[in-house]
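What follows is one structure encoded as structure tokens, with my remarks underneath.
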Amino acid sequence: MTSTSEEFVMRPIPANDWQLSLSRRVKALKKLQFEKLKIDGLVAEEIFNVVAKHQKDYNSIYEKRRAIINGEIEPTDTDCKLDVHIEDKDEELGHILVNQSKPTNGFVIKGISGFWLKAMKEVNDLNHWIEKKDEPVLEYLSDIRINYGQNPNKIELKFSFAINEFFKNTSLTKTYEIMFGPNPNNPWFLNDYYPIALKGCVIDWKEGKDVTKQNNTTDGKSSEKNKDSFFDLFNDSLLERKNDPKRSDSYNNDINDFLCDDWSLTQLLIKKLVPNAVLYFTGDNTENDSESEDSEESEDSESESESESASDSH
């Protein structure tokens with residue numbers, strides 16, 4: 001007599017029933033994933049509150065960092081003494097020193113020129129946002145700071161600039177009001193928290209210096225055209241939160257894609273660049289190196305496999 005389990009195994013299952021069962025299992029797993037994301041949101045909110053509580057402590061460090069970068073203070077011997085053993089030879093700074101301004105005629109160079117631009121260009125994915133024409137403007141970047149607010153929960157990015165030839169602002173800000181937990185409109189994207197409102201700022205560009213525009217002349221008539229730029233981050237006109245029914249689907253899709261990219265960029269600034277800026281500046285954070293090594297290892301393994309296959313065929 002055949003056992004029940006054997007009956008179950010041997011019994012043919014109609015294709016439609018099998019597909020339906022599989023679909024239900026996947027849906028159940030996705031529901032469990034969604035419940036897990038709710039917990040991630042609670043954890044993220046607790047972390048946010050702890051970081052906000054210690055913002056004053058972080059800012060005391062970031063303020064001293066700003067002062068050293070901009071040449072307002074010179075570090076003491078005590079400031080330069082690390083509590084951990086790290087190889088720190090002068091020759092290892094060669095790739096940094098080569099891009100620094102050299103003192104001439106007794107003129108003393110203070111601070112570290114181009115610190116933030118160099119650090120930004122070393123962060124994977126963040127560097128893709130920086131256009132060539134943005135770089136001369138970002139050379140004047142003197143500080144980036146993250147400010148956390150509560151009730152409602154907010155994150156403000158503040159970019160401070162030295163006096164420059166491009167715009168009159170001394171700082172540019174971008175503020176996000178955030179909600180914790182999975183985004184109901186896109187629950188699988190950037191899970192722990194997401195923006196529900198955002199606000200940029202107006203950049204007071206000096207005449208002919210707006211790097212977000214390109215002047216075109218056709219038949220003797222001049223016109224301006226929008227150009228991709230890192231400074232689009234601050235442009236409120238590009239940050240519409242709701243679809244416009246009067247616009248085409250492709251336009252609204254472009255807006256939604258921009259908002260996703262905008263938030264991804266902000267996450268890179270918050271989680272990578274600002275807290276670890278000096279490590280990107282010096283190259284101690286080896287994101288690019290590790291990726292290239294992985295790529296080389298992958299290529300080597302593929303080459304070895306091809307060689308083995310060729311040998312086997314002979």
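A note on labels: chains of the structure tokens are A, B, ... as shown, every chain counts residues from 1, and ligands are counted from 1 in their shown order.
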Show which residues sit within 10 Å of Asn153 of chain A, as a compact mmCIF listing (two decimals) with all heavy atoms, in the first residue's frame. Count only C-alpha atoms, and ignore same-chain residues fewer than 4 positions away.
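Done, and the output landed in result_38.txt:
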# COMPACT_ATOMS: atom_id res chain seq x y z
N GLU A 45 14.88 54.79 13.13
CA GLU A 45 14.40 55.95 13.89
C GLU A 45 15.15 56.09 15.21
O GLU A 45 15.49 57.20 15.64
CB GLU A 45 12.90 55.83 14.15
CG GLU A 45 12.30 57.06 14.81
CD GLU A 45 10.79 57.05 14.83
OE1 GLU A 45 10.19 55.97 14.57
OE2 GLU A 45 10.19 58.11 15.09
N PHE A 48 18.52 57.45 14.36
CA PHE A 48 18.37 58.87 14.03
C PHE A 48 18.30 59.71 15.30
O PHE A 48 18.97 60.75 15.42
CB PHE A 48 17.09 59.08 13.20
CG PHE A 48 16.81 60.51 12.84
CD1 PHE A 48 17.30 61.05 11.67
CD2 PHE A 48 16.04 61.31 13.68
CE1 PHE A 48 17.04 62.38 11.33
CE2 PHE A 48 15.78 62.64 13.36
CZ PHE A 48 16.28 63.17 12.18
N ASN A 49 17.51 59.27 16.28
CA ASN A 49 17.37 60.01 17.52
C ASN A 49 18.68 60.07 18.32
O ASN A 49 19.00 61.09 18.93
CB ASN A 49 16.26 59.40 18.38
CG ASN A 49 14.87 59.61 17.78
OD1 ASN A 49 14.65 60.58 17.04
ND2 ASN A 49 13.95 58.70 18.05
N ALA A 52 20.94 62.53 16.48
CA ALA A 52 20.48 63.89 16.76
C ALA A 52 20.90 64.32 18.16
O ALA A 52 21.30 65.47 18.38
CB ALA A 52 18.97 63.97 16.59
N TYR A 148 20.49 67.57 11.99
CA TYR A 148 19.33 66.72 12.25
C TYR A 148 18.32 67.49 13.08
O TYR A 148 18.67 68.12 14.08
CB TYR A 148 19.76 65.46 12.99
CG TYR A 148 20.67 64.56 12.20
CD1 TYR A 148 22.05 64.77 12.17
CD2 TYR A 148 20.14 63.49 11.46
CE1 TYR A 148 22.88 63.95 11.43
CE2 TYR A 148 20.98 62.68 10.72
CZ TYR A 148 22.34 62.91 10.71
OH TYR A 148 23.17 62.10 9.97
N GLY A 149 17.06 67.43 12.66
CA GLY A 149 15.99 68.09 13.41
C GLY A 149 14.91 67.09 13.77
O GLY A 149 14.75 66.06 13.12
N TYR A 176 15.31 67.77 3.96
CA TYR A 176 14.38 66.66 3.76
C TYR A 176 13.58 66.44 5.04
O TYR A 176 14.16 66.32 6.12
CB TYR A 176 15.13 65.36 3.44
CG TYR A 176 15.94 65.39 2.18
CD1 TYR A 176 17.25 65.87 2.20
CD2 TYR A 176 15.42 64.92 0.98
CE1 TYR A 176 18.01 65.88 1.04
CE2 TYR A 176 16.18 64.93 -0.17
CZ TYR A 176 17.47 65.42 -0.15
OH TYR A 176 18.22 65.43 -1.28
N GLU A 177 12.28 66.36 4.90
CA GLU A 177 11.45 65.84 6.00
C GLU A 177 11.29 64.35 5.73
O GLU A 177 10.95 63.95 4.60
CB GLU A 177 10.10 66.53 6.05
CG GLU A 177 9.24 66.09 7.23
CD GLU A 177 7.91 66.82 7.31
OE1 GLU A 177 7.79 67.90 6.70
OE2 GLU A 177 6.99 66.29 7.96
N ILE A 178 11.55 63.53 6.74
CA ILE A 178 11.63 62.09 6.47
C ILE A 178 10.61 61.29 7.29
O ILE A 178 10.13 61.74 8.33
CB ILE A 178 13.04 61.55 6.76
CG1 ILE A 178 13.44 61.82 8.21
CG2 ILE A 178 14.05 62.16 5.82
CD1 ILE A 178 14.76 61.18 8.61
N MET A 179 10.30 60.11 6.77
CA MET A 179 9.42 59.16 7.42
C MET A 179 10.19 57.84 7.53
O MET A 179 10.93 57.47 6.62
CB MET A 179 8.14 58.95 6.61
CG MET A 179 7.13 58.02 7.25
SD MET A 179 6.33 58.77 8.70
CE MET A 179 5.26 59.98 7.89
N PHE A 180 10.02 57.16 8.64
CA PHE A 180 10.74 55.90 8.86
C PHE A 180 9.88 54.71 8.46
O PHE A 180 8.65 54.74 8.59
CB PHE A 180 11.17 55.79 10.32
CG PHE A 180 12.18 56.83 10.71
CD1 PHE A 180 11.78 58.02 11.30
CD2 PHE A 180 13.52 56.63 10.44
CE1 PHE A 180 12.71 58.99 11.62
CE2 PHE A 180 14.45 57.60 10.76
CZ PHE A 180 14.05 58.78 11.36
N PRO A 195 12.16 60.35 2.10
CA PRO A 195 11.67 61.73 2.22
C PRO A 195 10.19 61.85 1.87
O PRO A 195 9.71 61.21 0.93
CB PRO A 195 12.53 62.48 1.19
CG PRO A 195 12.87 61.46 0.17
CD PRO A 195 12.97 60.14 0.89
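Close contacts of Glu35 of chain A, defined as residues with an atom at most 12 Å away when counting only C-alpha atoms, with chain neighbours fewer than 2 positions off set aside, comprise Ala28, Leu29, Lys30, Lys31, Leu32, Gln33, Leu37, Lys38, Ile39, Asp40, Gly41, Leu42, Gly181, Pro182, Pro187, Trp188, Asn191 and Asp192 of chain A.
The spacing separating atom CA of Glu156 of chain A from atom CA of Lys133 of chain A amounts to 25.3 Å.
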Practice problem: For Asn235 of chain A, list every protein, DNA or RNA residue within 7 Å, evaluated using only C-alpha atoms, and leave out those in the same chain fewer than 5 positions away; present the list as a PyMOL selection string. | Solution: chain A and resi 200-202
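Of the listed residues A:Ala119, A:Leu138, A:Ile144, A:Leu157, the one whose atoms come nearest to Phe281 of chain A is A:Ala119, with distances taken using only C-alpha atoms.
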Quiz item: With distances taken over only C-alpha atoms, which of A:His128, A:Ala162, A:Tyr58, A:Lys154 is nearest to Gly114 of chain A?
Solution: A:Ala162
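When the distance limit is 12 Å and only C-alpha atoms are what count, the residues near Ala67 of chain A, minus those fewer than 4 positions from it on the same chain, are A:Asn59, A:Ser60, A:Ile61, A:Tyr62, A:Glu63, A:Gly71, A:Glu72, A:Ile73, A:Glu74, A:Pro75, A:Lys110, A:Gly111, A:Ile112, A:Ser142, A:Asp143.
Among the candidate residues A:Phe234, A:Phe115, A:Gln150, A:Asp262, the one lying nearest to Ser171 of chain A is A:Phe234, with distances computed using only C-alpha atoms.
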Practice problem: Choose the residue, out of A:Val123, A:Leu22, A:Val84, A:Ile196, that has the smallest atom-to-atom separation from Lys272 of chain A; count only C-alpha atoms. | Solution: A:Val123
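Pairwise distance (atom CA of Asp261 of chain A, atom CA of Arg66 of chain A) equals 27.9 Å.
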Quiz item: Mind pulling up the distance from atom CA of Phe161 of chain A to atom CA of Asn226 of chain A?
Solution: 23.1 Å
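Among the candidates A:Arg65, A:Lys27, A:Lys209, A:Lys56, the residue lying nearest to Trp116 of chain A is A:Arg65 (atoms considered: only C-alpha atoms).
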Quiz prompt | Backbone DSSP call of strand (DSSP E) for segment 146-237 of chain A, listed as number ranges by chain | solution = A: 146-149, 154-161, 171-180, 193-199, 213-218, 221-226
Exercise. Have a look at A:Asp125, A:Phe167, A:Asn276, A:Cys260 and name the one nearest to Gly208 of chain A; count only C-alpha atoms.
Key: A:Phe167
